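Visitor: My file is upload.csv. It has CSV, C-alpha atoms:
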chain,number,residue,atom,x,y,z
U,865,MET,CA,0.0,0.0,0.0
U,866,GLY,CA,1.3,3.4,-0.9
U,867,VAL,CA,0.9,6.7,0.8
U,868,TYR,CA,-0.2,9.6,-1.4
U,869,ALA,CA,-1.1,13.3,-0.8
U,870,ILE,CA,-3.3,15.3,-3.1
U,871,SER,CA,-4.2,19.0,-2.8
U,872,GLY,CA,-7.6,19.9,-3.9
U,873,ALA,CA,-9.1,16.4,-3.5
U,874,SER,CA,-12.4,17.4,-2.1
U,875,SER,CA,-13.9,17.8,-5.5
U,876,GLY,CA,-13.3,17.5,-9.3
U,877,ILE,CA,-10.2,15.8,-10.7
U,878,GLY,CA,-8.5,15.6,-7.3
U,879,ALA,CA,-11.4,13.8,-5.7
U,880,LYS,CA,-11.5,11.3,-8.5
U,881,ALA,CA,-7.8,10.7,-8.3
U,882,LYS,CA,-8.2,10.1,-4.5
U,883,GLU,CA,-11.1,7.8,-5.1
U,884,LEU,CA,-9.2,5.7,-7.6
U,885,LEU,CA,-6.1,5.5,-5.5
U,886,GLU,CA,-8.1,4.4,-2.4
U,887,GLN,CA,-9.9,1.8,-4.5
U,888,ARG,CA,-6.5,0.4,-5.3
U,889,GLY,CA,-5.6,0.1,-1.6
U,890,HIS,CA,-3.6,3.2,-1.1
U,891,LYS,CA,-3.8,5.7,1.7
U,892,VAL,CA,-4.5,9.3,0.5
U,893,VAL,CA,-4.2,12.5,2.4
U,894,ASN,CA,-6.4,15.3,1.1
U,895,ILE,CA,-5.1,18.8,1.5
U,896,ASP,CA,-8.0,21.2,0.8
U,897,LEU,CA,-9.6,24.4,2.0
U,898,LYS,CA,-12.8,22.4,2.9
U,899,ASP,CA,-13.4,18.8,3.8
U,900,GLY,CA,-9.8,17.9,3.7
U,901,ASP,CA,-7.7,15.7,6.0
U,902,ILE,CA,-5.6,18.8,6.2
U,903,CYS,CA,-7.8,21.9,5.9
U,904,VAL,CA,-5.7,24.8,4.9
U,905,ASN,CA,-5.6,27.7,2.6
U,906,LEU,CA,-2.7,27.2,0.2
U,907,ALA,CA,-3.1,30.7,-1.1
U,908,SER,CA,-1.6,32.0,2.2
U,909,GLU,CA,1.9,31.6,3.6
U,910,GLU,CA,0.5,30.4,6.9
U,911,GLY,CA,-1.7,27.8,5.2
U,912,ARG,CA,1.2,26.5,3.1
U,913,LYS,CA,3.4,26.2,6.3
U,914,GLU,CA,0.6,24.4,8.1
U,915,ALA,CA,0.0,22.0,5.2
U,916,VAL,CA,3.7,21.0,5.1
U,917,GLU,CA,3.9,20.6,8.9
U,918,LYS,CA,0.8,18.5,9.1
U,919,LEU,CA,1.8,16.4,6.2
U,920,HIS,CA,5.1,15.5,8.0
U,921,GLU,CA,3.1,14.6,11.1
U,922,MET,CA,0.7,12.4,9.2
U,923,CYS,CA,3.3,10.8,6.9
U,924,PRO,CA,6.5,10.5,8.9
U,925,ASP,CA,7.8,7.6,6.8
U,926,GLY,CA,7.5,9.5,3.5
U,927,LEU,CA,5.2,9.8,0.5
U,928,ASP,CA,5.0,7.6,-2.6
U,929,GLY,CA,3.3,10.3,-4.5
U,930,LEU,CA,2.2,13.9,-4.2
U,931,ILE,CA,-0.3,15.4,-6.6
U,932,CYS,CA,-0.4,19.2,-6.5
U,933,ASN,CA,-3.8,19.8,-7.9
U,934,ALA,CA,-5.4,22.7,-6.0
U,935,GLY,CA,-6.2,25.7,-8.2
U,936,VAL,CA,-8.8,28.1,-9.4
U,937,SER,CA,-10.0,29.0,-12.8
U,938,GLY,CA,-9.4,32.3,-14.6
U,939,ALA,CA,-13.1,33.0,-14.2
U,940,CYS,CA,-13.0,33.0,-10.4
U,941,GLY,CA,-13.0,36.8,-10.3
U,942,ASN,CA,-10.1,37.0,-7.8
U,943,LEU,CA,-6.9,37.7,-9.6
U,944,PRO,CA,-4.5,37.6,-6.6
U,945,LEU,CA,-6.0,34.1,-5.7
U,946,ILE,CA,-5.1,32.8,-9.2
U,947,ILE,CA,-1.5,33.8,-8.6
U,948,SER,CA,-1.2,32.8,-4.9
U,949,LEU,CA,-3.0,29.5,-5.1
U,950,ASN,CA,-2.2,28.2,-8.6
U,951,TYR,CA,1.5,29.1,-8.6
U,952,PHE,CA,2.9,29.9,-5.2
U,953,GLY,CA,0.7,27.4,-3.3
U,954,THR,CA,1.6,24.6,-5.6
U,955,ILE,CA,5.3,25.2,-5.6
U,956,ALA,CA,5.4,25.7,-1.8
U,957,LEU,CA,3.7,22.4,-1.3
U,958,ALA,CA,5.9,20.5,-3.7
U,959,LYS,CA,9.1,21.9,-2.2
U,960,GLY,CA,7.8,21.4,1.3
U,961,ALA,CA,7.1,17.7,0.7
U,962,HIS,CA,10.2,17.0,-1.2
U,963,ASP,CA,12.0,15.4,1.7
U,964,LEU,CA,9.0,13.1,2.2
U,965,LEU,CA,9.1,12.1,-1.4
U,966,GLU,CA,12.8,11.5,-1.2
U,967,LYS,CA,12.3,9.0,1.7
U,968,LYS,CA,10.3,6.7,-0.6
U,969,HIS,CA,11.7,7.7,-4.0
U,970,GLY,CA,8.3,9.0,-4.7
U,971,SER,CA,6.9,11.1,-7.5
U,972,CYS,CA,5.4,14.5,-7.7
U,973,LEU,CA,2.8,15.6,-10.2
U,974,VAL,CA,1.6,19.2,-10.8
U,975,THR,CA,-1.6,20.0,-12.5
U,976,ALA,CA,-1.1,22.5,-15.4
U,977,SER,CA,-3.6,23.0,-18.2
U,978,ASN,CA,-3.7,22.4,-21.9
U,979,THR,CA,-4.3,26.1,-22.4
U,980,ILE,CA,-0.6,26.7,-21.9
U,981,SER,CA,0.0,25.9,-25.6
U,982,GLN,CA,-2.7,28.2,-26.9
U,983,GLY,CA,-1.0,31.5,-26.7
U,984,ALA,CA,-3.4,33.2,-24.2
U,985,GLY,CA,-0.9,33.5,-21.4
U,986,ARG,CA,1.3,36.5,-20.5
U,987,VAL,CA,4.9,35.7,-20.9
U,988,ASP,CA,5.9,38.7,-18.8
U,989,ILE,CA,3.9,37.4,-15.8
U,990,ALA,CA,5.2,33.8,-16.3
U,991,ASP,CA,8.7,35.2,-16.4
U,992,LEU,CA,8.1,37.2,-13.2
U,993,LEU,CA,6.8,34.1,-11.5
U,994,ASN,CA,9.6,31.7,-12.6
U,995,ASN,CA,12.5,34.1,-12.7
U,996,ILE,CA,11.8,36.5,-9.8
U,997,GLY,CA,9.3,34.5,-7.7
U,998,ASP,CA,8.5,37.5,-5.5
U,999,GLU,CA,4.8,36.9,-4.6
U,1000,GLY,CA,4.3,40.3,-3.1
U,1001,ARG,CA,5.5,42.2,-6.1
U,1002,VAL,CA,3.5,40.1,-8.5
U,1003,LEU,CA,0.4,40.6,-6.4
U,1004,LYS,CA,0.9,44.4,-6.5
U,1005,LEU,CA,1.1,44.2,-10.3
U,1006,VAL,CA,-2.0,42.0,-10.5
U,1007,GLU,CA,-4.1,44.2,-8.2
U,1008,GLN,CA,-3.9,47.0,-10.8
U,1009,MET,CA,-5.6,44.8,-13.4
U,1010,ASP,CA,-9.3,44.6,-14.3
U,1011,SER,CA,-10.7,41.6,-12.4
U,1012,SER,CA,-14.1,42.0,-14.1
U,1013,ASN,CA,-12.5,41.3,-17.5
U,1014,LEU,CA,-12.7,37.6,-18.1
U,1015,SER,CA,-9.8,37.6,-20.6
U,1016,VAL,CA,-7.6,39.1,-17.9
U,1017,GLY,CA,-8.4,36.4,-15.5
U,1018,ASN,CA,-7.9,33.8,-18.2
U,1019,SER,CA,-4.5,35.2,-19.2
U,1020,LEU,CA,-3.3,35.1,-15.6
U,1021,TYR,CA,-4.6,31.6,-15.2
U,1022,VAL,CA,-2.7,30.4,-18.3
U,1023,SER,CA,0.4,32.3,-17.1
U,1024,THR,CA,0.4,30.5,-13.8
U,1025,LYS,CA,-0.1,27.2,-15.4
U,1026,TYR,CA,2.6,27.9,-18.0
U,1027,ALA,CA,5.0,28.9,-15.2
U,1028,LEU,CA,4.2,25.8,-13.3
U,1029,ALA,CA,4.9,23.6,-16.2
U,1030,ARG,CA,8.2,25.4,-16.9
U,1031,TRP,CA,9.1,25.2,-13.2
U,1032,VAL,CA,8.5,21.4,-13.4
U,1033,ARG,CA,10.8,21.2,-16.4
U,1034,ARG,CA,13.5,23.2,-14.7
U,1035,VAL,CA,13.7,21.3,-11.5
U,1036,SER,CA,13.0,17.8,-12.9
U,1037,ALA,CA,16.7,16.9,-13.5
U,1038,ALA,CA,17.9,17.7,-10.0
U,1039,TRP,CA,14.9,16.2,-8.4
U,1040,ALA,CA,15.3,13.0,-10.3
U,1041,ALA,CA,19.0,12.9,-9.4
U,1042,ASN,CA,17.8,12.8,-5.8
U,1043,GLY,CA,15.3,10.0,-6.5
U,1044,VAL,CA,12.1,12.1,-7.0
U,1045,ARG,CA,10.4,12.2,-10.3
U,1046,ILE,CA,8.3,15.3,-11.1
U,1047,ASN,CA,6.0,15.8,-14.1
U,1048,ALA,CA,3.1,18.0,-15.1
U,1049,ILE,CA,-0.3,17.1,-16.5
U,1050,ALA,CA,-2.1,19.4,-18.9
U,1051,PRO,CA,-5.8,18.5,-18.8
U,1052,GLY,CA,-8.3,19.7,-21.2
U,1053,ASN,CA,-11.7,21.1,-20.1
U,1054,VAL,CA,-13.2,18.8,-17.5
U,1055,ASN,CA,-16.7,18.6,-15.9
U,1056,THR,CA,-15.9,19.9,-12.4
U,1057,ALA,CA,-17.4,22.3,-10.0
U,1058,MET,CA,-15.0,24.8,-11.5
U,1059,THR,CA,-16.5,24.5,-15.0
U,1060,ALA,CA,-20.1,24.0,-13.8
U,1061,THR,CA,-20.2,27.4,-12.2
U,1062,MET,CA,-18.7,29.3,-15.1
U,1063,SER,CA,-20.6,32.2,-16.7
U,1064,THR,CA,-22.3,31.7,-20.0
U,1065,SER,CA,-19.6,33.6,-21.9
U,1066,ALA,CA,-16.9,31.4,-20.2
U,1067,LYS,CA,-18.8,28.3,-21.2
U,1068,MET,CA,-19.0,29.5,-24.8
U,1069,ALA,CA,-15.3,30.0,-24.8
U,1070,LEU,CA,-14.9,26.4,-23.5
U,1071,ASN,CA,-17.0,25.0,-26.3
U,1072,ALA,CA,-14.8,26.7,-28.9
U,1073,LEU,CA,-12.0,24.5,-27.6
U,1074,PRO,CA,-12.9,21.3,-29.3
U,1075,ILE,CA,-12.1,17.9,-27.7
U,1076,PRO,CA,-11.5,15.5,-30.6
U,1077,THR,CA,-12.4,12.4,-28.5
U,1078,LYS,CA,-15.7,14.1,-27.7
U,1079,TYR,CA,-16.4,15.1,-31.3
U,1080,GLY,CA,-20.1,15.9,-31.9
U,1081,GLN,CA,-21.0,15.5,-28.3
U,1082,GLU,CA,-20.8,19.1,-27.0
U,1083,CYS,CA,-19.4,17.8,-23.7
U,1084,LEU,CA,-16.3,18.2,-21.6
U,1085,MET,CA,-14.0,15.5,-20.4
U,1086,ASP,CA,-14.8,13.3,-17.4
U,1087,PRO,CA,-12.6,13.7,-14.3
U,1088,ASP,CA,-11.7,10.0,-14.4
U,1089,GLU,CA,-10.0,10.5,-17.8
U,1090,ILE,CA,-7.6,12.9,-16.2
U,1091,ALA,CA,-7.3,11.1,-12.9
U,1092,GLU,CA,-6.3,7.8,-14.5
U,1093,ALA,CA,-3.4,9.6,-16.2
U,1094,MET,CA,-2.4,11.3,-12.9
U,1095,ILE,CA,-2.2,7.9,-11.2
U,1096,PHE,CA,-0.1,6.5,-14.0
U,1097,LEU,CA,2.3,9.4,-13.7
U,1098,VAL,CA,2.8,9.0,-10.0
U,1099,SER,CA,3.0,5.2,-10.2
U,1100,ASP,CA,6.1,3.0,-10.8
U,1101,ALA,CA,4.7,2.2,-14.2
U,1102,ALA,CA,5.9,5.7,-15.2
U,1103,LYS,CA,9.3,5.3,-13.6
U,1104,GLY,CA,11.0,6.4,-16.8
U,1105,VAL,CA,8.9,9.5,-17.1
U,1106,ASN,CA,10.4,12.7,-15.7
U,1107,GLY,CA,10.2,16.4,-16.6
U,1108,ASN,CA,7.3,15.6,-18.9
U,1109,VAL,CA,4.3,17.8,-19.5
U,1110,MET,CA,1.6,15.3,-20.5
U,1111,PHE,CA,-1.4,16.7,-22.4
U,1112,VAL,CA,-4.5,14.8,-21.4
U,1113,ASP,CA,-7.1,16.7,-23.4
U,1114,GLY,CA,-8.6,14.3,-25.9
U,1115,GLY,CA,-6.4,15.7,-28.6
U,1116,THR,CA,-7.1,19.4,-28.4
U,1117,ASP,CA,-3.5,20.4,-28.3
U,1118,ALA,CA,-2.6,18.1,-31.2
U,1119,LEU,CA,-5.5,19.6,-33.2
U,1120,LEU,CA,-4.5,23.2,-32.6
U,1121,ASN,CA,-0.7,22.8,-32.5
U,1122,SER,CA,0.0,19.7,-34.7
U,1123,GLU,CA,3.4,21.2,-35.6
U,1124,LYS,CA,4.6,21.5,-32.0
U,1125,VAL,CA,6.1,18.0,-31.9
U,1126,TYR,CA,8.5,19.0,-29.2
M,41,MET,CA,-20.3,26.6,-57.5
M,42,LYS,CA,-16.8,25.3,-57.8
M,43,PRO,CA,-15.0,24.0,-54.6
M,44,ILE,CA,-12.8,27.0,-54.4
M,45,GLU,CA,-15.8,29.3,-54.5
M,46,LYS,CA,-17.5,27.4,-51.8
M,47,TYR,CA,-14.3,27.5,-49.8
M,48,VAL,CA,-14.2,31.3,-50.0
M,49,GLU,CA,-17.8,31.6,-49.1
M,50,ALA,CA,-17.5,29.4,-46.1
M,51,MET,CA,-14.4,31.3,-44.9
M,52,GLU,CA,-16.0,34.7,-45.4
M,53,ASN,CA,-19.0,33.5,-43.4
M,54,LYS,CA,-16.9,31.9,-40.7
M,55,ASP,CA,-19.0,28.8,-41.4
M,56,PHE,CA,-16.7,26.1,-39.9
M,57,ALA,CA,-19.3,23.3,-40.4
M,58,GLY,CA,-19.9,24.2,-44.0
M,59,LEU,CA,-16.2,24.5,-44.6
M,60,ALA,CA,-15.6,21.0,-43.2
M,61,GLU,CA,-18.3,19.6,-45.4
M,62,LEU,CA,-16.5,20.7,-48.5
M,63,PHE,CA,-13.7,18.2,-47.7
M,64,SER,CA,-13.6,14.5,-48.1
M,65,LYS,CA,-13.3,12.3,-45.0
M,66,ASP,CA,-9.6,12.2,-45.4
M,67,GLY,CA,-9.3,15.7,-46.8
M,68,SER,CA,-6.5,18.0,-45.6
M,69,LEU,CA,-5.9,21.7,-45.3
M,70,SER,CA,-2.4,23.1,-45.0
M,71,ASP,CA,-1.8,26.7,-44.3
M,72,TYR,CA,1.8,28.0,-44.7
M,73,CYS,CA,1.0,31.7,-44.2
M,74,THR,CA,1.3,31.4,-40.4
M,75,ASN,CA,5.1,31.2,-40.6
M,76,SER,CA,5.1,34.9,-41.4
M,77,SER,CA,3.1,35.7,-38.3
M,78,ALA,CA,5.4,33.8,-36.0
M,79,GLN,CA,3.0,31.0,-35.6
M,80,LYS,CA,3.6,27.4,-36.7
M,81,GLU,CA,2.0,26.2,-39.9
M,82,TYR,CA,-1.4,24.6,-39.8
M,83,HIS,CA,-1.8,21.1,-41.2
M,84,ILE,CA,-5.3,19.8,-40.5
M,85,TYR,CA,-6.1,16.3,-41.6
M,86,GLY,CA,-9.7,15.1,-41.8
M,87,LYS,CA,-13.0,16.9,-42.2
M,88,GLU,CA,-13.9,16.5,-38.5
M,89,ALA,CA,-10.6,18.1,-37.5
M,90,ILE,CA,-11.2,21.0,-40.0
M,91,ASN,CA,-14.6,21.5,-38.4
M,92,MET,CA,-13.1,21.7,-34.8
M,93,PHE,CA,-10.0,23.6,-35.8
M,94,PHE,CA,-11.9,26.4,-37.5
M,95,ARG,CA,-14.6,26.5,-34.9
M,96,ASN,CA,-11.9,27.4,-32.5
M,97,LYS,CA,-10.1,29.9,-34.8
M,98,PHE,CA,-13.3,31.7,-35.8
M,99,GLY,CA,-14.7,31.5,-32.2
M,100,PHE,CA,-11.6,33.3,-30.9
M,101,ARG,CA,-11.2,35.6,-33.9
M,102,GLN,CA,-7.9,34.2,-34.8
M,103,TYR,CA,-8.5,33.6,-38.5
M,104,SER,CA,-10.5,35.5,-41.0
M,105,ILE,CA,-10.2,36.5,-44.7
M,106,MET,CA,-11.2,39.6,-46.5
M,107,GLU,CA,-11.0,41.1,-50.1
M,108,ALA,CA,-11.3,37.6,-51.5
M,109,GLU,CA,-11.2,37.0,-55.3
M,110,VAL,CA,-11.4,33.7,-57.1
M,111,VAL,CA,-8.8,33.9,-59.8
M,112,ASN,CA,-9.3,30.7,-61.7
M,113,ASP,CA,-11.0,27.2,-61.3
M,114,THR,CA,-8.8,26.2,-58.4
M,115,GLN,CA,-7.4,29.3,-56.8
M,116,ALA,CA,-8.5,32.3,-54.8
M,117,GLU,CA,-6.5,35.2,-53.4
M,118,PHE,CA,-7.4,37.1,-50.2
M,119,ILE,CA,-6.0,38.9,-47.2
M,120,ALA,CA,-5.7,36.4,-44.4
M,121,ASN,CA,-5.8,37.7,-40.9
M,122,PHE,CA,-4.2,35.7,-38.2
M,123,GLY,CA,-5.3,37.3,-34.9
M,124,GLY,CA,-4.4,40.8,-36.2
M,125,TYR,CA,-1.5,39.9,-38.5
M,126,ASN,CA,-2.5,40.4,-42.2
M,127,ILE,CA,-0.9,38.6,-45.1
M,128,MET,CA,-1.8,38.3,-48.8
M,129,ALA,CA,-2.5,34.7,-49.4
M,130,ILE,CA,-3.5,32.4,-52.2
M,131,ALA,CA,-5.5,29.2,-51.6
M,132,THR,CA,-5.3,26.3,-54.1
M,133,VAL,CA,-7.6,23.3,-54.4
M,134,ARG,CA,-5.0,20.8,-55.3
M,135,GLU,CA,-7.1,17.6,-55.4
M,136,VAL,CA,-10.7,16.7,-55.4
M,137,ASN,CA,-12.4,13.3,-55.3
M,138,GLU,CA,-15.0,11.9,-57.7
M,139,GLU,CA,-17.8,13.5,-55.6
M,140,GLY,CA,-16.2,16.9,-55.9
M,141,GLN,CA,-15.0,17.0,-52.3
M,142,ILE,CA,-11.7,18.6,-51.6
M,143,LYS,CA,-8.9,16.1,-50.8
M,144,LYS,CA,-6.2,18.6,-50.5
M,145,LEU,CA,-6.1,22.4,-50.2
M,146,THR,CA,-3.2,24.6,-49.5
M,147,VAL,CA,-2.9,28.3,-48.5
M,148,ARG,CA,0.4,30.0,-49.1
M,149,PRO,CA,1.7,33.5,-49.0
M,150,LYS,CA,1.4,35.3,-52.3
Would you write the structure of this file as structure tokens?

Guide:
Amino acid sequence: MGVYAISGASSGIGAKAKELLEQRGHKVVNIDLKDGDICVNLASEEGRKEAVEKLHEMCPDGLDGLICNAGVSGACGNLPLIISLNYFGTIALAKGAHDLLEKKHGSCLVTASNTISQGAGRVDIADLLNNIGDEGRVLKLVEQMDSSNLSVGNSLYVSTKYALARWVRRVSAAWAANGVRINAIAPGNVNTAMTATMSTSAKMALNALPIPTKYGQECLMDPDEIAEAMIFLVSDAAKGVNGNVMFVDGGTDALLNSEKVY
Amino acid sequence: MKPIEKYVEAMENKDFAGLAELFSKDGSLSDYCTNSSAQKEYHIYGKEAINMFFRNKFGFRQYSIMEAEVVNDTQAEFIANFGGYNIMAIATVREVNEEGQIKKLTVRPK
């Protein structure tokens, strides 16, 4: 039996990954704002610190896998939250649990998004996140933006996910050299509470992102389609996979970017 | 109407479904103009993919044409707009099947 931790496992993709891992006999610690085994706000420094401390208390012998999945969409209307939770919360958790992963030669997985390849992100924001990493300064910048503009929220969302994927690529070699694999998964649009509560205009935008495996169905992907790939990536079956950004989007990225082979 | 005329009509009307129906099941559309706009080329294989691809591009206003003119039985010229970047382009129907469906269409800078 393995020991896994997942952030954002109270609903959506994270909940499905937790359910599947538990069905297979593993222990799973859910780190979430509500209904978690560790209830914390990963958007805050205190919450991140508490999450890491409690994780060490609950899993003293180490982790086989950590899935950093908690995040909000670009339509959440809270621009600072997009930055603090999606990027800084994720990285703080991954770094904070690194020693637990080392103990068991575990694997880390970060949830990015297939939107990272569609050109809607802001490279300047992604660069500030990856290259400067000063949360306070980025938040000051973001506070000046128009939070009522959906495209602004979306561009920040994509920027955080792009920066996450790039961070994974950057640290993957050193982490693997220390026995910890790290990868990112880039899901397409999934039926979750996040997408269910979107505005009509946001949903229209979603429908203009075709999912080839759902052709003609006008529907989004199911959480289990993403969760199964997540479980594969943190399992020993993927022991040769490191520093990879795996698109699990039914072929949307291949459709829109067929020439991006690498 | 000839296939190239139908193609222009569908593009002007942003009719992604109608555009896709002009192609055979294994029809392809290759657009080489994008290289000039710092995007990668488009190579879209299959009518369903053409439907989905242009639904996306039209939906997000990333592809449109204007000032189109059919210049012969298989070619049309137009200004192609890739998300704000304009380029003079020429589309060529290179192959059609027995049912008159497009098997191969290319768009190149003029």

Visitor: Tell me the residues of chain U close to chain M, meaning within 8 Å using only C-alpha atoms, as a PDB file with C-alpha atoms, in the coordinates of the input.

Guide:
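Output below, filename selection06.pdb:
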ATOM      1  CA  ALA U1069     -15.300  30.000 -24.800  1.00  0.00           C
ATOM      2  CA  ALA U1072     -14.800  26.700 -28.900  1.00  0.00           C
ATOM      3  CA  LEU U1073     -12.000  24.500 -27.600  1.00  0.00           C
ATOM      4  CA  PRO U1074     -12.900  21.300 -29.300  1.00  0.00           C
ATOM      5  CA  PRO U1076     -11.500  15.500 -30.600  1.00  0.00           C
ATOM      6  CA  TYR U1079     -16.400  15.100 -31.300  1.00  0.00           C
ATOM      7  CA  LEU U1119      -5.500  19.600 -33.200  1.00  0.00           C
ATOM      8  CA  LEU U1120      -4.500  23.200 -32.600  1.00  0.00           C
ATOM      9  CA  ASN U1121      -0.700  22.800 -32.500  1.00  0.00           C
ATOM     10  CA  SER U1122       0.000  19.700 -34.700  1.00  0.00           C
ATOM     11  CA  GLU U1123       3.400  21.200 -35.600  1.00  0.00           C
ATOM     12  CA  LYS U1124       4.600  21.500 -32.000  1.00  0.00           C
TER      13      LYS U1124
END

Visitor: Go through M:Thr132, M:Ser68, M:Ser77, M:Asn137 one by one, measure the shortest atom-to-atom distance of each to Ile44 (chain M) using all atoms listed in the file, and give the residue with the smallest value.

Guide: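 Looking at the shortest contact to Ile44 (chain M), the residue is M:Thr132.
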
Visitor: Using all atoms listed in the file, which residues sit within 8 Å of Met51 (chain M) once same-chain residues fewer than 5 positions away are excluded, as a PyMOL selection string?

Guide: chain M and resi 56+59+104-105

Visitor: So the first atom is CA of Trp1039 (chain U) and the second is CA of Cys923 (chain U); what is the distance between them in Å, to one decimal place?

Guide: 19.9 Å

Visitor: Have a look at CA of Asp896 (chain U) and CA of Ser874 (chain U) and let me know their distance in Å, one decimal.

Guide: 6.5 Å

Visitor: What's the separation between CA of Arg1033 (chain U) and CA of Tyr1126 (chain U), in Å to one decimal place?

Guide: 13.2 Å

Visitor: Hey, could you make a per-residue contact list for region 917-1029 of chain U against region 1043-1063 of chain U with 8 Å as the cut-off, showing the nearest pair of atoms and its distance in Å to one decimal, counting all atoms listed in the file, sorted by chain and number, as JSON lines?

Guide:
{"residue": "U:Val936", "atom": "CA", "partner": "U:Met1058", "partner_atom": "CA", "distance": 7.3}
{"residue": "U:Ser937", "atom": "CA", "partner": "U:Met1058", "partner_atom": "CA", "distance": 6.7}
{"residue": "U:Ala939", "atom": "CA", "partner": "U:Met1062", "partner_atom": "CA", "distance": 6.8}
{"residue": "U:His962", "atom": "CA", "partner": "U:Val1044", "partner_atom": "CA", "distance": 7.8}
{"residue": "U:Leu965", "atom": "CA", "partner": "U:Val1044", "partner_atom": "CA", "distance": 6.4}
{"residue": "U:Glu966", "atom": "CA", "partner": "U:Val1044", "partner_atom": "CA", "distance": 5.9}
{"residue": "U:His969", "atom": "CA", "partner": "U:Gly1043", "partner_atom": "CA", "distance": 4.9}
{"residue": "U:Gly970", "atom": "CA", "partner": "U:Val1044", "partner_atom": "CA", "distance": 5.4}
{"residue": "U:Ser971", "atom": "CA", "partner": "U:Arg1045", "partner_atom": "CA", "distance": 4.6}
{"residue": "U:Cys972", "atom": "CA", "partner": "U:Ile1046", "partner_atom": "CA", "distance": 4.5}
{"residue": "U:Leu973", "atom": "CA", "partner": "U:Asn1047", "partner_atom": "CA", "distance": 5.0}
{"residue": "U:Val974", "atom": "CA", "partner": "U:Ala1048", "partner_atom": "CA", "distance": 4.7}
{"residue": "U:Thr975", "atom": "CA", "partner": "U:Ile1049", "partner_atom": "CA", "distance": 5.1}
{"residue": "U:Ala976", "atom": "CA", "partner": "U:Ala1050", "partner_atom": "CA", "distance": 4.8}
{"residue": "U:Ser977", "atom": "CA", "partner": "U:Ala1050", "partner_atom": "CA", "distance": 4.0}
{"residue": "U:Asn978", "atom": "CA", "partner": "U:Ala1050", "partner_atom": "CA", "distance": 4.5}
{"residue": "U:Thr979", "atom": "CA", "partner": "U:Gly1052", "partner_atom": "CA", "distance": 7.6}
{"residue": "U:Ala1029", "atom": "CA", "partner": "U:Ala1048", "partner_atom": "CA", "distance": 6.0}

Visitor: I'd like the neighbourhood of Tyr47 (chain M) as a ChimeraX atom specification, where a residue qualifies if any of its atoms comes within 12 Å (using only C-alpha atoms), though same-chain residues fewer than 6 positions away should be ignored.

Guide: /M:41,53-63,69,105,108-110,113-118,131-133,141-142,145-147

Visitor: Counting all atoms listed in the file, which residues sit no farther than 6 Å from the position (-6.3, 27.6, -7.3) in the file's frame? I'd like them as JSON, numbers by chain.

Guide: {"U": [934, 935, 936, 946, 949, 950]}

Visitor: Using all atoms listed in the file, give me every residue within 9 Å of (-4.9, 35.1, -7.6) in file coordinates, as an MDAnalysis selection string.

Guide: chainID U and resid 907 936 938 940:951 1003 1006 1017 1020:1021

Visitor: Could you tell me which of U:Ala879, U:Met1068, U:Asp928, U:Lys968 comes closest to Leu1097 (chain U) if we count only C-alpha atoms?

Guide: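 Under the stated criterion, the closest residue is U:Asp928.
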
Visitor: Which of these residues is nearest to Ala78 (chain M), using all atoms listed in the file: M:Glu138, M:Asn112, M:Tyr125, M:Pro149?

Guide: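 Smallest distance to Ala78 (chain M) is found for M:Tyr125.
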
Visitor: Emit a file covering region 1055-1070 of chain U of the preceding structure with C-alpha atoms, as a PDB file, in the first residue's frame.

Guide:
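Output contents, as saved in part25.pdb:
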ATOM      1  CA  ASN U1055     -16.665  18.587 -15.936  1.00  0.00           C
ATOM      2  CA  THR U1056     -15.937  19.860 -12.440  1.00  0.00           C
ATOM      3  CA  ALA U1057     -17.443  22.289  -9.976  1.00  0.00           C
ATOM      4  CA  MET U1058     -15.030  24.838 -11.453  1.00  0.00           C
ATOM      5  CA  THR U1059     -16.461  24.526 -14.957  1.00  0.00           C
ATOM      6  CA  ALA U1060     -20.053  23.996 -13.807  1.00  0.00           C
ATOM      7  CA  THR U1061     -20.203  27.399 -12.159  1.00  0.00           C
ATOM      8  CA  MET U1062     -18.726  29.330 -15.074  1.00  0.00           C
ATOM      9  CA  SER U1063     -20.612  32.164 -16.706  1.00  0.00           C
ATOM     10  CA  THR U1064     -22.343  31.704 -20.047  1.00  0.00           C
ATOM     11  CA  SER U1065     -19.598  33.564 -21.881  1.00  0.00           C
ATOM     12  CA  ALA U1066     -16.932  31.439 -20.229  1.00  0.00           C
ATOM     13  CA  LYS U1067     -18.812  28.296 -21.238  1.00  0.00           C
ATOM     14  CA  MET U1068     -19.044  29.539 -24.817  1.00  0.00           C
ATOM     15  CA  ALA U1069     -15.283  29.955 -24.809  1.00  0.00           C
ATOM     16  CA  LEU U1070     -14.923  26.425 -23.506  1.00  0.00           C
TER      17      LEU U1070
END
